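Only one structure is covered here, and it is reproduced in the block below.
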Amino acid sequence: MEEKNLSAKVEEEDKIDIVSLLFDSIKCFQMSWWLLMVLLILGAGIGYWRMARNYTAYYEASASFAVSSGTDDNIISSGYYDKVSAEQLNATFPYILTSGALNKVVAKDLGLGGVPGNISAQMVGDTSLFQIKVISLDPQMAYDILQSVIKNYPTVAKYVIGNTKLKLLDETGVPSEPMNPRSYKRSIAIGMLGGCLIYAVLLFFWTITRHTIKSPEDLKKYLNIKYLGGIPLAKFKRRSGNKVPQILVNNPSIPNIYAESLETLQVRLTKNMRENKWKAFLVTSAMAGEGKTTTACNLALMLAEKGYRTLLIDGDLRNPSVAERLQLENTCGGLYDVLAGKAGPEKIISKYKETHLYVLPGGEPVSQISGLYGSKVFGNLIQQYKEEMDYIVVDTPPCTFMHDASLIAPCLDTGLMVIRQDYAHINKIISGVEILTNAGLPLAGCTINGESTGIGSYGYGKYGYGRYGYGRYGYGRYNRYGYYGKYGGSKEK
C-alpha cells in the first residue's frame, strides 16, 4: 500500500514538473518571440541567397525501349526471353558503367575526353521494357549523350549477355526545362524551418537552465527568507499624449489589488519591526530592474498616510531615482552633499506634499563614492532621525551589483529584499542575501514583485518596472527633480 502511495506521489511530482516546464517555456517564448522572428527572417534570407547563388540547373533526357533477342525481330512473341534480357541489362548496367567501357565508347563517339553527364538505366516495372536516363548541365548535351548510348549500348552489352536489340518506343527529345526548376519558395521555407529548429533548441536549453523565483514555494525551496507577500503587476491604459502613470499608491489610477497587496506587505513588515523594536530598514534587490525603488517609495507613502512620520532616503548615489518616482520639484543637494560635509541634512530634507513623508534625495549621480558610506556620517544621520521619525526607509543599489548596500547595512535595523518574479537567477538572489547577512543585517523578509497567475502570464507587462530599470548603471543622463516644502513640524503619529 505504501509503495503505491509513494509511486502516486512520484508521478504527481513528475506531472507538476512537466506543467512547470510548460509554463516556463511559454514565459520564455513571451520574452524571446522577437528572437524567433529574427531567426525566421534570417533563415528566409539565407534560403533566398543560397538559391540565387548556388542554384544549378540539371537537364534530363530519357528514352524507353523494348528488349528482344538478337535473332527474333518480333518483340511481342519473344516474351520470356525478352524479360530475361531486360533483367540482365538492368543487372549488368551498373557493372558496365563502373568498368568505364560504355563511357569510353560514348566519349569517343562524341569526340570528348569524358562524358559530361550521368547515365542510368532501369526496368519499367515487371515488363521487358527498359529505360535509359541521361542527366547533364546542358540540355543538348544530355540529348546527344542519350543518342550515343542508344547507338553504342548493345555493342558494349553483347560481351556480357549476348546479342540484344533495343527498339525505341519513346524519347523526350532535347529537354526544354530543367528537371530541378528554381524554387525560391521552397528554399525560403527550408531556411525558415531551420530558423525554427534553432529557436526550438535555444528555447529548450534556456527553459531548463533558468532557475528563478516564480512562486512563494520556490522561496521555501531555495531560500530561508520569510515571505511577507507579493506585489501584483500594475497595468495602465495608454492615453495618447500622456506619460505612463507613476506606479504609486497615491495615484488614483492604481488598481485596487495593487494597493491592497502593498497594504498587506506594509502591515506584515511593520508588525515584524515593532516586535523587534526596529525603526530603520533598507529596501534592495539582487539585480537592477526588480522594482525596489518603487516599492520603497510606496511603503514610505503608505506609512506616512497612516500618520507615521517617515523619512525616505535615496541611498543609491550612483543612480538616484526616488525624486523621479515621486515627481518632485527642483531642489539643490542630496545625500551626497550630506555625506561629503557640504550641507546639513535639515537643509536638504523636505516634506512631500501634505503628508507625513520627508524625503532626503540622492542628489546628482556620482560614480566615485569610496569612503562616503564607510564614514560615521551616515550612521550618525540614521541615529539622529531615529529619534525624530517613526520609520526610516532607505533605497539602496542592488546588493549584488555594487557593494554600497553592504556598507549601508550595518547602520540599519533590518532589510526587505525585493525579488522580481521570474527575473533574477536564484544564485544571484542567494548571493545578495548572503552579502546582507554577512554585513550583520537581519532580513525582515522578502516580497515577490510583479506576481501574476495563469498559464504563461506571470511577469512584467508593458508598463512594468522594467521601464525604470538601470540601463547603463550610474551613467545615464540625470534630470533634476525637486521637493515640496521644507523639513519641519512636530513629531506626529
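Every chain in the C-alpha cells takes a letter, A first, then B, and so on in the order presented; its residues are numbered from 1, and the ligands are numbered from 1 following the presented order.
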
| message | Residues near A:Asp422, anyone? I mean within 10 Å using only C-alpha atoms, not counting same-chain ones fewer than 3 positions away, as a list of chain:residue names. | response |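 Answer for this query is A:Asp24, A:Lys27, A:Cys28, A:Arg210, A:His211, A:Thr212, A:Ile213, A:Lys214, A:Ser215, A:Ile419, A:His425, A:Ile426, A:Ile448, A:Asn449, A:Gly450, A:Glu451, A:Tyr458, A:Gly459, A:Tyr460.
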
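Surrounding stretch 194-197 of chain A within 12 Å are Trp33, Leu35, Leu36, Met37, Val38, Leu39, Leu40, Ile41, Leu42, Gly43, Ala44, Gly45, Ile46, Gly47, Ser187, Ile188, Ala189, Ile190, Val201, Leu202, Leu203 and Phe204 of chain A, with only C-alpha atoms counted and residues fewer than 4 positions along the same chain left out.
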
| query | Using only C-alpha atoms, which residue out of A:Ile254, A:Ala280, A:Leu326, A:Leu248 lies closest to A:Asn298? | reply | A:Leu248

| message | Just checking: using only C-alpha atoms, which residue out of A:Pro181, A:Gly125, A:Gly100, A:Gly307 ends up closest to A:Tyr391? | response |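 That would be A:Gly307, the residue with the smallest distance to A:Tyr391.
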
| Secondary structure check, alpha helix (DSSP H) residues of stretch 217-445 of chain A, as JSON, numbers by chain | {"A": [217, 218, 219, 220, 221, 222, 256, 257, 258, 259, 260, 261, 262, 263, 264, 265, 266, 267, 268, 269, 270, 271, 272, 273, 274, 275, 276, 292, 293, 294, 295, 296, 297, 298, 299, 300, 301, 302, 303, 304, 305, 322, 323, 324, 325, 326, 335, 336, 337, 338, 339, 345, 346, 347, 348, 377, 378, 379, 380, 381, 382, 383, 384, 385, 386, 404, 405, 406, 407, 408, 426, 427, 428, 429, 430, 431, 432, 433, 434, 435, 436, 437, 438]}

Tell me which protein, DNA and RNA residues are within 9 Å of A:Thr355, counting only C-alpha atoms, leaving out same-chain ones fewer than 3 positions away, and put them as a PDB file with all heavy atoms, in the first residue's frame.
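Done, and the output landed in selection.pdb:
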ATOM      1  N   LEU A 301       5.205  55.982   1.478  1.00  0.00           N
ATOM      2  CA  LEU A 301       3.952  56.722   1.318  1.00  0.00           C
ATOM      3  C   LEU A 301       2.849  56.129   2.180  1.00  0.00           C
ATOM      4  O   LEU A 301       2.073  56.861   2.821  1.00  0.00           O
ATOM      5  CB  LEU A 301       3.533  56.719  -0.144  1.00  0.00           C
ATOM      6  CG  LEU A 301       4.213  57.739  -1.063  1.00  0.00           C
ATOM      7  CD1 LEU A 301       3.865  57.459  -2.514  1.00  0.00           C
ATOM      8  CD2 LEU A 301       3.791  59.153  -0.689  1.00  0.00           C
ATOM      9  N   ALA A 304       3.382  57.001   5.783  1.00  0.00           N
ATOM     10  CA  ALA A 304       3.089  58.416   6.011  1.00  0.00           C
ATOM     11  C   ALA A 304       1.587  58.672   6.002  1.00  0.00           C
ATOM     12  O   ALA A 304       1.074  59.481   6.796  1.00  0.00           O
ATOM     13  CB  ALA A 304       3.788  59.267   4.955  1.00  0.00           C
ATOM     14  N   GLU A 305       0.851  58.013   5.116  1.00  0.00           N
ATOM     15  CA  GLU A 305      -0.587  58.203   5.039  1.00  0.00           C
ATOM     16  C   GLU A 305      -1.291  57.683   6.294  1.00  0.00           C
ATOM     17  O   GLU A 305      -2.409  58.112   6.615  1.00  0.00           O
ATOM     18  CB  GLU A 305      -1.140  57.506   3.799  1.00  0.00           C
ATOM     19  CG  GLU A 305      -0.784  58.214   2.501  1.00  0.00           C
ATOM     20  CD  GLU A 305      -1.275  57.467   1.282  1.00  0.00           C
ATOM     21  OE1 GLU A 305      -1.785  56.329   1.445  1.00  0.00           O
ATOM     22  OE2 GLU A 305      -1.156  58.003   0.168  1.00  0.00           O
ATOM     23  N   GLY A 307      -0.151  58.194   9.181  1.00  0.00           N
ATOM     24  CA  GLY A 307       0.184  59.114  10.254  1.00  0.00           C
ATOM     25  C   GLY A 307       1.568  58.932  10.837  1.00  0.00           C
ATOM     26  O   GLY A 307       1.960  59.669  11.762  1.00  0.00           O
ATOM     27  N   ARG A 309       5.423  59.464  10.992  1.00  0.00           N
ATOM     28  CA  ARG A 309       6.447  60.349  10.418  1.00  0.00           C
ATOM     29  C   ARG A 309       7.541  59.466   9.824  1.00  0.00           C
ATOM     30  O   ARG A 309       8.211  58.722  10.530  1.00  0.00           O
ATOM     31  CB  ARG A 309       7.020  61.265  11.511  1.00  0.00           C
ATOM     32  CG  ARG A 309       6.017  62.336  11.955  1.00  0.00           C
ATOM     33  CD  ARG A 309       6.500  63.045  13.210  1.00  0.00           C
ATOM     34  NE  ARG A 309       7.815  63.660  13.013  1.00  0.00           N
ATOM     35  CZ  ARG A 309       8.019  64.866  12.486  1.00  0.00           C
ATOM     36  NH1 ARG A 309       6.981  65.583  12.083  1.00  0.00           N
ATOM     37  NH2 ARG A 309       9.221  65.362  12.371  1.00  0.00           N
ATOM     38  N   LYS A 351       9.580  68.107   2.963  1.00  0.00           N
ATOM     39  CA  LYS A 351       8.319  67.404   3.143  1.00  0.00           C
ATOM     40  C   LYS A 351       7.668  67.140   1.793  1.00  0.00           C
ATOM     41  O   LYS A 351       7.685  67.992   0.901  1.00  0.00           O
ATOM     42  CB  LYS A 351       7.390  68.226   4.029  1.00  0.00           C
ATOM     43  CG  LYS A 351       6.160  67.474   4.514  1.00  0.00           C
ATOM     44  CD  LYS A 351       5.382  68.332   5.501  1.00  0.00           C
ATOM     45  CE  LYS A 351       4.191  67.546   6.047  1.00  0.00           C
ATOM     46  NZ  LYS A 351       3.405  68.364   7.016  1.00  0.00           N
ATOM     47  N   TYR A 352       7.078  65.948   1.665  1.00  0.00           N
ATOM     48  CA  TYR A 352       6.417  65.571   0.409  1.00  0.00           C
ATOM     49  C   TYR A 352       4.936  65.922   0.490  1.00  0.00           C
ATOM     50  O   TYR A 352       4.173  65.316   1.241  1.00  0.00           O
ATOM     51  CB  TYR A 352       6.585  64.073   0.159  1.00  0.00           C
ATOM     52  CG  TYR A 352       5.858  63.562  -1.069  1.00  0.00           C
ATOM     53  CD1 TYR A 352       6.321  63.866  -2.342  1.00  0.00           C
ATOM     54  CD2 TYR A 352       4.710  62.793  -0.927  1.00  0.00           C
ATOM     55  CE1 TYR A 352       5.660  63.400  -3.457  1.00  0.00           C
ATOM     56  CE2 TYR A 352       4.046  62.310  -2.050  1.00  0.00           C
ATOM     57  CZ  TYR A 352       4.517  62.623  -3.317  1.00  0.00           C
ATOM     58  OH  TYR A 352       3.850  62.168  -4.418  1.00  0.00           O
ATOM     59  N   TYR A 358       8.884  62.614   4.607  1.00  0.00           N
ATOM     60  CA  TYR A 358      10.010  63.513   4.391  1.00  0.00           C
ATOM     61  C   TYR A 358      11.045  62.785   3.527  1.00  0.00           C
ATOM     62  O   TYR A 358      11.262  61.584   3.691  1.00  0.00           O
ATOM     63  CB  TYR A 358      10.625  63.956   5.715  1.00  0.00           C
ATOM     64  CG  TYR A 358       9.624  64.674   6.596  1.00  0.00           C
ATOM     65  CD1 TYR A 358       8.806  63.953   7.463  1.00  0.00           C
ATOM     66  CD2 TYR A 358       9.491  66.047   6.523  1.00  0.00           C
ATOM     67  CE1 TYR A 358       7.874  64.604   8.255  1.00  0.00           C
ATOM     68  CE2 TYR A 358       8.562  66.720   7.324  1.00  0.00           C
ATOM     69  CZ  TYR A 358       7.750  65.986   8.180  1.00  0.00           C
ATOM     70  OH  TYR A 358       6.821  66.630   8.958  1.00  0.00           O
TER      71      TYR A 358
END
